[in-house]
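Undergrad: Pasting structure-v4.cif here (mmCIF, C-alpha atoms; chains and numbers go by the auth columns):
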```cif
data_upload
#
loop_
_atom_site.group_PDB
_atom_site.id
_atom_site.type_symbol
_atom_site.label_atom_id
_atom_site.label_comp_id
_atom_site.label_asym_id
_atom_site.label_seq_id
_atom_site.Cartn_x
_atom_site.Cartn_y
_atom_site.Cartn_z
_atom_site.B_iso_or_equiv
_atom_site.auth_seq_id
_atom_site.auth_asym_id
ATOM 1 C CA MET A 1 -10.130 -15.275 -28.117 0.00 1 J
ATOM 2 C CA ILE A 2 -11.886 -11.982 -27.385 0.00 2 J
ATOM 3 C CA ARG A 3 -10.770 -12.157 -23.747 0.00 3 J
ATOM 4 C CA ALA A 4 -7.138 -12.595 -24.770 0.00 4 J
ATOM 5 C CA GLU A 5 -7.370 -9.689 -27.209 0.00 5 J
ATOM 6 C CA LEU A 6 -8.978 -7.449 -24.582 0.00 6 J
ATOM 7 C CA ALA A 7 -6.354 -8.402 -22.014 0.00 7 J
ATOM 8 C CA SER A 8 -3.580 -7.591 -24.482 0.00 8 J
ATOM 9 C CA LEU A 9 -5.109 -4.219 -25.391 0.00 9 J
ATOM 10 C CA ILE A 10 -5.590 -3.281 -21.734 0.00 10 J
ATOM 11 C CA TYR A 11 -2.016 -4.293 -20.885 0.00 11 J
ATOM 12 C CA LYS A 12 -0.596 -2.262 -23.782 0.00 12 J
ATOM 13 C CA ALA A 13 -2.715 0.785 -22.898 0.00 13 J
ATOM 14 C CA THR A 14 -1.613 0.557 -19.265 0.00 14 J
ATOM 15 C CA LYS A 15 2.072 0.339 -20.279 0.00 15 J
ATOM 16 C CA LYS A 16 1.658 3.304 -22.640 0.00 16 J
ATOM 17 C CA SER A 17 -0.016 5.357 -19.899 0.00 17 J
ATOM 18 C CA GLN A 18 2.845 4.558 -17.535 0.00 18 J
ATOM 19 C CA LYS A 19 5.409 5.687 -20.121 0.00 19 J
ATOM 20 C CA LYS A 20 3.507 8.956 -20.641 0.00 20 J
ATOM 21 C CA GLY A 21 3.379 9.511 -16.876 0.00 21 J
ATOM 22 C CA SER A 22 -0.394 9.242 -16.649 0.00 22 J
ATOM 23 C CA LEU A 23 -0.100 6.202 -14.379 0.00 23 J
ATOM 24 C CA PRO A 24 2.528 5.419 -11.731 0.00 24 J
ATOM 25 C CA LYS A 25 5.191 2.924 -12.726 0.00 25 J
ATOM 26 C CA VAL A 26 4.329 -0.186 -10.737 0.00 26 J
ATOM 27 C CA ASP A 27 4.296 -3.799 -11.839 0.00 27 J
ATOM 28 C CA ILE A 28 1.261 -4.572 -13.931 0.00 28 J
ATOM 29 C CA PRO A 29 -0.441 -7.709 -12.639 0.00 29 J
ATOM 30 C CA GLU A 30 -1.891 -10.269 -14.999 0.00 30 J
ATOM 31 C CA VAL A 31 -4.880 -8.821 -16.820 0.00 31 J
ATOM 32 C CA VAL A 32 -7.800 -11.163 -16.211 0.00 32 J
ATOM 33 C CA ILE A 33 -10.969 -10.607 -18.227 0.00 33 J
ATOM 34 C CA GLU A 34 -14.173 -12.023 -16.764 0.00 34 J
ATOM 35 C CA HIS A 35 -17.902 -11.777 -17.214 0.00 35 J
ATOM 36 C CA PRO A 36 -19.408 -9.486 -14.553 0.00 36 J
ATOM 37 C CA ARG A 37 -21.649 -11.088 -11.955 0.00 37 J
ATOM 38 C CA ARG A 38 -24.427 -8.701 -12.889 0.00 38 J
ATOM 39 C CA PRO A 39 -25.349 -8.598 -16.591 0.00 39 J
ATOM 40 C CA GLU A 40 -26.264 -4.906 -16.386 0.00 40 J
ATOM 41 C CA HIS A 41 -22.568 -4.173 -15.769 0.00 41 J
ATOM 42 C CA GLY A 42 -21.659 -5.138 -19.321 0.00 42 J
ATOM 43 C CA ASP A 43 -20.149 -8.057 -21.181 0.00 43 J
ATOM 44 C CA TYR A 44 -16.625 -8.065 -19.735 0.00 44 J
ATOM 45 C CA ALA A 45 -14.858 -6.831 -16.616 0.00 45 J
ATOM 46 C CA THR A 46 -11.372 -6.697 -15.126 0.00 46 J
ATOM 47 C CA SER A 47 -10.109 -6.028 -11.622 0.00 47 J
ATOM 48 C CA LEU A 48 -6.821 -4.616 -12.925 0.00 48 J
ATOM 49 C CA PRO A 49 -7.408 -1.070 -11.584 0.00 49 J
ATOM 50 C CA LEU A 50 -8.092 -2.404 -8.088 0.00 50 J
ATOM 51 C CA LYS A 51 -4.987 -4.586 -8.183 0.00 51 J
ATOM 52 C CA MET A 52 -2.870 -1.660 -9.394 0.00 52 J
ATOM 53 C CA ILE A 53 -4.186 0.618 -6.632 0.00 53 J
ATOM 54 C CA ALA A 54 -3.130 -2.013 -4.089 0.00 54 J
ATOM 55 C CA SER A 55 0.376 -2.081 -5.626 0.00 55 J
ATOM 56 C CA ILE A 56 0.566 1.714 -5.627 0.00 56 J
ATOM 57 C CA ASN A 57 -0.511 1.899 -1.984 0.00 57 J
ATOM 58 C CA ARG A 58 2.127 -0.683 -0.997 0.00 58 J
ATOM 59 C CA ALA A 59 4.806 1.273 -2.874 0.00 59 J
ATOM 60 C CA LEU A 60 3.770 4.490 -1.133 0.00 60 J
ATOM 61 C CA LYS A 61 3.910 2.836 2.294 0.00 61 J
ATOM 62 C CA GLU A 62 7.378 1.474 1.520 0.00 62 J
ATOM 63 C CA ALA A 63 8.540 4.930 0.456 0.00 63 J
ATOM 64 C CA GLU A 64 7.238 6.430 3.707 0.00 64 J
ATOM 65 C CA LYS A 65 9.199 4.044 5.936 0.00 65 J
ATOM 66 C CA PRO A 66 12.122 5.794 7.609 0.00 66 J
ATOM 67 C CA THR A 67 15.543 4.486 6.702 0.00 67 J
ATOM 68 C CA LEU A 68 18.108 3.752 9.376 0.00 68 J
ATOM 69 C CA SER A 69 21.442 5.388 8.723 0.00 69 J
#
```
Please, can you express the file's structure as C-alpha cells?
TA:
Amino acid sequence: MIRAELASLIYKATKKSQKKGSLPKVDIPEVVIEHPRRPEHGDYATSLPLKMIASINRALKEAEKPTLS
C-alpha cells in the first residue's frame, strides 16, 4: 500500500513539474518503488530519474538528426 501511494505521489509530482516547465515533457515510465539493496540508502528507492534521463537523451538525439527535404 505504501509503495502504491509513493508511486502515485511521485508520478503526480513529475507531471506537475513537467507542466511548470521544470522537467522536459517526455513520457513518464511506470514508477516502480523498491527497497534499496543497501539499507543505509533508506527505506524505498525508484529508478524513475534514470529512466527519464534515458528518454530525454533519446529525444535529444532524435531532434539532432538531420531531416531530408
Undergrad: For the structure shown, which residues end up in the PyMOL selection byres ((chain J and resi 3) around 9)? Put them as a ChimeraX atom specification, please?
TA: /J:1-2,4-8,32-34,44
Undergrad: Which value, in Å to one decimal, gives the distance between CA of Pro29 (chain J) and CA of Glu62 (chain J)?
TA: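 For CA of Pro29 (chain J) relative to CA of Glu62 (chain J), the distance reads 18.6 Å.
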Undergrad: Name the closest residue to His35 (chain J) among the candidates J:Ser47, J:Lys65, J:Lys12, J:Gln18; distances are taken between atoms, counting only C-alpha atoms.
TA: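 Ranked by minimum distance to His35 (chain J), first place goes to J:Ser47.
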Undergrad: Report the distance between CA of Tyr11 (chain J) and CA of Val26 (chain J) in Å, rounded to one decimal place.
TA: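 Separation of CA of Tyr11 (chain J) and CA of Val26 (chain J): 12.7 Å.
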Undergrad: What gap, in Å, lies between CA of Leu9 (chain J) and CA of Ala45 (chain J)?
TA: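 That distance, rounded to one decimal, is 13.4 Å.
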Undergrad: The PyMOL selection byres ((chain J and resi 55) around 10) on the file shown: which residues, as a ChimeraX atom specification?
TA: /J:24-29,49-54,56-61
Undergrad: With all atoms listed in the file as the atoms that count, which of J:Ala63, J:Asp43, J:Pro36, J:Val31 lies nearest to Ala13 (chain J)?
TA: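 For Ala13 (chain J), the nearest of the given residues is J:Val31.
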Undergrad: Which of these, J:Leu23, J:Leu48, J:Pro66, J:Pro39, has the shortest distance to Ile10 (chain J) once you count only C-alpha atoms?
TA: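 When distances to Ile10 (chain J) are compared using only C-alpha atoms, the smallest one comes from J:Leu48.
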